[in-house]
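Participant: Below is one structure. I have some questions about it.
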Amino acid sequence: MEAIQVSHPKICKPHPDENSLVFGKAFTDHMFLMDYAPAEGWHVPRIVPYGPLALEPSCMVFHYAQEVFEGLKAYRAPDGSIRLFRPMDNARRLRDSCRRLSIPEIPEADFLAAVQALVHADWEWVPHTFGTSLYLRPFIIATDCSLGVHASKTYLFVIIACPVGAYYPGGLSPVSIYVESEDVRAVRGGTGFAKCGGNYAASIRAGERAAQRGYSQVLWLDGVHRKYIEEVGAMNIMFLLDGKVVTPKLTGTVLPGITRRTCLDLLTDWGIPVEERLLPAQELFEAASQGRLQEAWGTGTAAVISPIGLLEWQDYKVTLCGGQVGPLTQKLYDSLAGILWGTLPDPHGWILPVAD
Ligand SMILES: *Cc1c(COP(=O)(O)O)cnc(C)c1O
């Protein structure tokens, strides 16, 4: 990649209050841009003032959703330094998503350099309080100005950033989850494993229905049999079942979460048995009604760990841990949060410091 050109805004924005940050509302002073064209490849990497993009209405992404994205965070440690968590895993997953959507790949080292350069430019935007972070949203859109379904020839890679507050400012609190039996999120051979906007567009209706019933999240079943547990809206899911942690295996329809992988690694360190397998909803809810489902939680970059307090599927409605946060759920959160925000050591080498 060529050297990244940096231009700063004339006037910088005031930073929002660290104690009342809302997810995804306030963006930093800068954004990263890089273009793709067949002759040049990825070219002109640059950091510019955050602002609108000029795109023609015929731009392919608007019509055929040829788009992929990522989500990661920059965390501030107590000594003021800033770090990323397993960012090469985001680079690899973006590459895998690009392959599925026929988008030219970005070399992993270039992805990393772009993320680091943006964090460096927006250094003061990384909040200081434990639990807060700078959320980074890299994405690639198809930019050819033409209708007609085929891969675009030109693309734009963008990274934007927003300071975000602690997901659970008052400490972890359990969420309620409704198992969706009608709509499906992904099928084998589809795009379930790719992080692309299209997957989310198809999931919004079920989310609205769950919300009407008073639930905060949807749990998806497999798209063919509607039998096996897959994942929650934007999180992977894990269960403590008969003393073992069970999580759906990655069959191509489940998003391979980096938090998921990290939790499985930590659990293995602790000697807790882990099973990645197909998990029928019937098995899960029968176990729950017999009191054998001890805990359940979601995993994802946004919340890190989300305890699940209530699950509904068909005629089953089960409360977990008496609606409280389970001890293993809490331990996973405390351990991972300690690594992320630098209050605990990082024995696996997951942390990548950003040079100031
Ligand atoms: C991003 C995402 C996750 C969580 O992945 P992390 O890498 O842990 O943040 C889970 N499910 C879906 C559908 C996602 O888009």
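Residue numbering restarts at 1 for every chain of the structure tokens, chains are lettered A, B, ... in their displayed order, and ligands are numbered from 1 as they appear.
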Which chains and residue numbers are within 7 Å of ligand 1, counting only C-alpha atoms and all ligand atoms, if I want them as JSON, numbers by chain?

Facilitator: {"A": [70, 71, 72, 195, 231, 232, 233, 234, 235, 236, 255, 256, 257, 258, 259, 260, 299, 300, 301, 302]}

Participant: Take the residues just selected and output them with C-alpha atoms as a PDB file, in the first residue's frame.

Facilitator:
ATOM      1  CA  GLU A  70     -16.204  -5.364  10.116  1.00  0.00           C
ATOM      2  CA  GLY A  71     -16.515  -4.231  13.715  1.00  0.00           C
ATOM      3  CA  LEU A  72     -13.678  -3.836  16.206  1.00  0.00           C
ATOM      4  CA  LYS A 195     -20.221 -10.055   7.696  1.00  0.00           C
ATOM      5  CA  GLU A 231     -26.901 -17.356  16.835  1.00  0.00           C
ATOM      6  CA  VAL A 232     -28.397 -14.146  18.172  1.00  0.00           C
ATOM      7  CA  GLY A 233     -28.865 -11.019  15.998  1.00  0.00           C
ATOM      8  CA  ALA A 234     -25.316  -9.716  16.266  1.00  0.00           C
ATOM      9  CA  MET A 235     -23.855 -12.138  18.796  1.00  0.00           C
ATOM     10  CA  ASN A 236     -22.884 -15.763  19.002  1.00  0.00           C
ATOM     11  CA  LEU A 255     -20.841 -15.770  11.870  1.00  0.00           C
ATOM     12  CA  PRO A 256     -17.386 -16.801  13.164  1.00  0.00           C
ATOM     13  CA  GLY A 257     -17.197 -14.335  16.042  1.00  0.00           C
ATOM     14  CA  ILE A 258     -13.827 -13.328  17.427  1.00  0.00           C
ATOM     15  CA  THR A 259     -15.342 -12.995  20.910  1.00  0.00           C
ATOM     16  CA  ARG A 260     -16.751 -16.517  20.485  1.00  0.00           C
ATOM     17  CA  THR A 299     -20.665 -13.020  22.767  1.00  0.00           C
ATOM     18  CA  GLY A 300     -19.747 -10.118  20.497  1.00  0.00           C
ATOM     19  CA  THR A 301     -17.481  -7.096  20.221  1.00  0.00           C
ATOM     20  CA  ALA A 302     -20.229  -4.603  21.116  1.00  0.00           C
TER      21      ALA A 302
END

Participant: For range 228-318 of chain A versus range 205-222 of chain A, which residues have an atom no more than 10 Å away, and what is each residue's nearest atom pair and distance in Å rounded to one decimal, using only C-alpha atoms, chain-then-number order, as a Markdown table?

Facilitator:
| residue | atom | partner | partner_atom | distance |
| --- | --- | --- | --- | --- |
| A:Tyr228 | CA | A:Leu221 | CA | 5.3 |
| A:Ile229 | CA | A:Leu221 | CA | 4.7 |
| A:Glu230 | CA | A:Leu221 | CA | 5.2 |
| A:Glu231 | CA | A:Trp220 | CA | 5.5 |
| A:Val232 | CA | A:Leu219 | CA | 4.4 |
| A:Gly233 | CA | A:Val218 | CA | 5.7 |
| A:Ala234 | CA | A:Gln217 | CA | 8.9 |
| A:Met235 | CA | A:Leu219 | CA | 9.3 |
| A:Asn236 | CA | A:Leu219 | CA | 9.4 |
| A:Ile237 | CA | A:Leu219 | CA | 8.6 |
| A:Thr251 | CA | A:Asp222 | CA | 9.8 |
| A:Thr253 | CA | A:Asp222 | CA | 7.6 |
| A:Val254 | CA | A:Asp222 | CA | 9.0 |
| A:Leu278 | CA | A:Asp222 | CA | 9.7 |
| A:Leu279 | CA | A:Leu221 | CA | 9.7 |
| A:Pro280 | CA | A:Leu221 | CA | 8.8 |
| A:Ala281 | CA | A:Leu221 | CA | 7.9 |
| A:Ile308 | CA | A:Gln217 | CA | 9.8 |
| A:Leu310 | CA | A:Tyr215 | CA | 8.7 |
| A:Leu311 | CA | A:Tyr215 | CA | 8.9 |
| A:Glu312 | CA | A:Tyr215 | CA | 9.0 |
| A:Trp313 | CA | A:Leu219 | CA | 9.3 |

Participant: Based on the backbone DSSP call, show me all residues of range 78-184 of chain A assigned helix (DSSP H, G or I), as a PyMOL selection string.

Facilitator: chain A and resi 87-100+108-121+123-125

Participant: Please produce a file of those selected residues containing C-alpha atoms, as a short mmCIF file (atom, residue, chain, number, x, y, z; two decimals), in the first residue's frame.

Facilitator:
data_model
loop_
_atom_site.label_atom_id
_atom_site.label_comp_id
_atom_site.auth_asym_id
_atom_site.auth_seq_id
_atom_site.Cartn_x
_atom_site.Cartn_y
_atom_site.Cartn_z
CA PRO A 87 -7.28 -7.12 14.79
CA MET A 88 -5.65 -9.60 12.38
CA ASP A 89 -8.69 -11.82 12.93
CA ASN A 90 -10.89 -8.98 11.68
CA ALA A 91 -8.56 -8.59 8.67
CA ARG A 92 -8.89 -12.29 7.86
CA ARG A 93 -12.64 -12.32 8.33
CA LEU A 94 -12.98 -9.27 6.06
CA ARG A 95 -10.94 -11.17 3.46
CA ASP A 96 -13.27 -14.17 3.78
CA SER A 97 -16.34 -11.93 3.51
CA CYS A 98 -14.84 -10.26 0.40
CA ARG A 99 -14.32 -13.65 -1.24
CA ARG A 100 -17.97 -14.59 -0.69
CA GLU A 108 -4.33 -7.99 5.88
CA ALA A 109 -1.34 -5.77 6.61
CA ASP A 110 -3.00 -2.87 4.76
CA PHE A 111 -6.21 -3.32 6.72
CA LEU A 112 -4.23 -3.19 9.93
CA ALA A 113 -2.22 -0.14 8.84
CA ALA A 114 -5.45 1.66 7.93
CA VAL A 115 -7.07 0.91 11.30
CA GLN A 116 -3.97 2.00 13.19
CA ALA A 117 -3.66 5.21 11.17
CA LEU A 118 -7.27 6.17 11.89
CA VAL A 119 -6.92 5.46 15.61
CA HIS A 120 -3.73 7.52 15.59
CA ALA A 121 -5.50 10.45 13.87
CA TRP A 123 -6.28 9.42 19.37
CA GLU A 124 -8.04 11.86 21.69
CA TRP A 125 -11.41 10.36 20.74
#

Participant: How many Å lie between CA of Thr143 in chain A and CA of Tyr155 in chain A, rounded to one decimal?

Facilitator: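 Separation between CA of Thr143 in chain A and CA of Tyr155 in chain A: 5.0 Å.
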
Participant: Identify all residues of range 88-312 of chain A in strand (DSSP E or B) (DSSP on the backbone) and supply them as a ChimeraX atom specification.

Facilitator: /A:133-142,145,155-164,175-179,217-221,228-232,235-241,244-248,274-277,280,293-300,304-312

Participant: Taking only C-alpha atoms into account, name the residue in A:Leu55, A:Leu332, A:Val224, A:Val68 that is nearest to Leu172 in chain A.

Facilitator: A:Leu332

Participant: Please provide as a list in words all residues within 10 Å of Pro169 in chain A, with the sequence filter that same-chain residues fewer than 2 positions apart are discarded (counting only C-alpha atoms).

Facilitator: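 Counting only the stated atoms, we get Asn19, Ser20, Phe130, Gly131, Thr132, Gly165, Ala166, Tyr167, Gly171, Leu172 and Ser173 of chain A.
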
Participant: Any idea what's packed within 10 Å of range 2-7 of chain A, counting only C-alpha atoms, ignoring anything in its chain fewer than 3 positions away? Could you give it as a compact mmCIF listing (two decimals) with N, CA, C and O atoms, in the first residue's frame?

Facilitator:
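Contents of result.txt, as written:
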# COMPACT_ATOMS: atom_id res chain seq x y z
N LYS A 10 -10.74 21.58 9.43
CA LYS A 10 -10.37 22.93 9.88
C LYS A 10 -10.78 23.13 11.33
O LYS A 10 -10.08 23.70 12.13
N HIS A 30 -12.17 12.20 11.82
CA HIS A 30 -11.56 11.67 10.60
C HIS A 30 -12.27 10.42 10.10
O HIS A 30 -13.02 9.79 10.83
N MET A 31 -11.96 10.08 8.84
CA MET A 31 -12.33 8.76 8.33
C MET A 31 -11.24 8.32 7.36
O MET A 31 -10.50 9.16 6.82
N PHE A 32 -11.13 7.02 7.17
CA PHE A 32 -10.14 6.47 6.24
C PHE A 32 -10.86 6.11 4.96
O PHE A 32 -11.96 5.53 4.99
N LEU A 33 -10.25 6.44 3.82
CA LEU A 33 -10.81 6.06 2.51
C LEU A 33 -9.71 5.44 1.65
O LEU A 33 -8.55 5.83 1.74
N MET A 34 -10.12 4.49 0.80
CA MET A 34 -9.20 3.94 -0.22
C MET A 34 -10.06 3.41 -1.36
O MET A 34 -11.10 2.79 -1.13
N TRP A 42 -6.10 -1.54 -5.12
CA TRP A 42 -6.44 -0.61 -4.03
C TRP A 42 -5.45 0.53 -4.07
O TRP A 42 -4.24 0.29 -4.12
N HIS A 43 -5.93 1.77 -4.09
CA HIS A 43 -5.01 2.89 -4.25
C HIS A 43 -5.51 4.14 -3.53
O HIS A 43 -6.67 4.24 -3.14
N VAL A 44 -4.57 5.07 -3.38
CA VAL A 44 -4.79 6.34 -2.68
C VAL A 44 -5.42 6.15 -1.30
O VAL A 44 -6.51 6.65 -1.01
N PRO A 45 -4.70 5.46 -0.41
CA PRO A 45 -5.18 5.38 0.98
C PRO A 45 -5.04 6.76 1.62
O PRO A 45 -4.02 7.42 1.46
N ARG A 46 -6.10 7.20 2.30
CA ARG A 46 -6.05 8.56 2.84
C ARG A 46 -6.96 8.69 4.05
O ARG A 46 -7.97 8.01 4.16
N ILE A 47 -6.56 9.59 4.92
CA ILE A 47 -7.41 9.95 6.06
C ILE A 47 -7.86 11.38 5.81
O ILE A 47 -7.04 12.26 5.54
N VAL A 48 -9.17 11.58 5.86
CA VAL A 48 -9.75 12.88 5.52
C VAL A 48 -10.75 13.25 6.63
O VAL A 48 -11.14 12.39 7.43
N PRO A 49 -11.20 14.51 6.66
CA PRO A 49 -12.23 14.85 7.65
C PRO A 49 -13.48 13.99 7.45
O PRO A 49 -13.88 13.74 6.31
N ASP A 110 -2.47 -4.19 5.13
CA ASP A 110 -3.00 -2.87 4.76
C ASP A 110 -4.22 -2.52 5.60
O ASP A 110 -4.41 -1.37 6.01
N ALA A 113 -2.85 -1.46 8.91
CA ALA A 113 -2.22 -0.14 8.84
C ALA A 113 -3.29 0.95 8.79
O ALA A 113 -3.15 2.01 9.41
N ALA A 114 -4.37 0.68 8.07
CA ALA A 114 -5.45 1.66 7.93
C ALA A 114 -6.13 1.89 9.29
O ALA A 114 -6.37 3.04 9.70
N ALA A 117 -3.81 3.80 11.57
CA ALA A 117 -3.66 5.21 11.17
C ALA A 117 -4.88 6.03 11.60
O ALA A 117 -4.75 7.18 12.04
N LEU A 118 -6.06 5.43 11.49
CA LEU A 118 -7.27 6.17 11.89
C LEU A 118 -7.30 6.37 13.41
O LEU A 118 -7.61 7.45 13.90
N ALA A 121 -4.98 9.12 14.21
CA ALA A 121 -5.50 10.45 13.87
C ALA A 121 -6.57 10.89 14.87
O ALA A 121 -6.72 12.08 15.15

Participant: Applying 7 Å and only C-alpha atoms, which residues near Glu295 in chain A remain after dropping the ones on its own chain fewer than 6 positions away? List them as a ChimeraX atom specification.

Facilitator: /A:239-240,320-321,326

Participant: Report, in Å to a single decimal, how far apart CA of Ala337 in chain A and CA of Val22 in chain A are.

Facilitator: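 It comes out at 19.3 Å.
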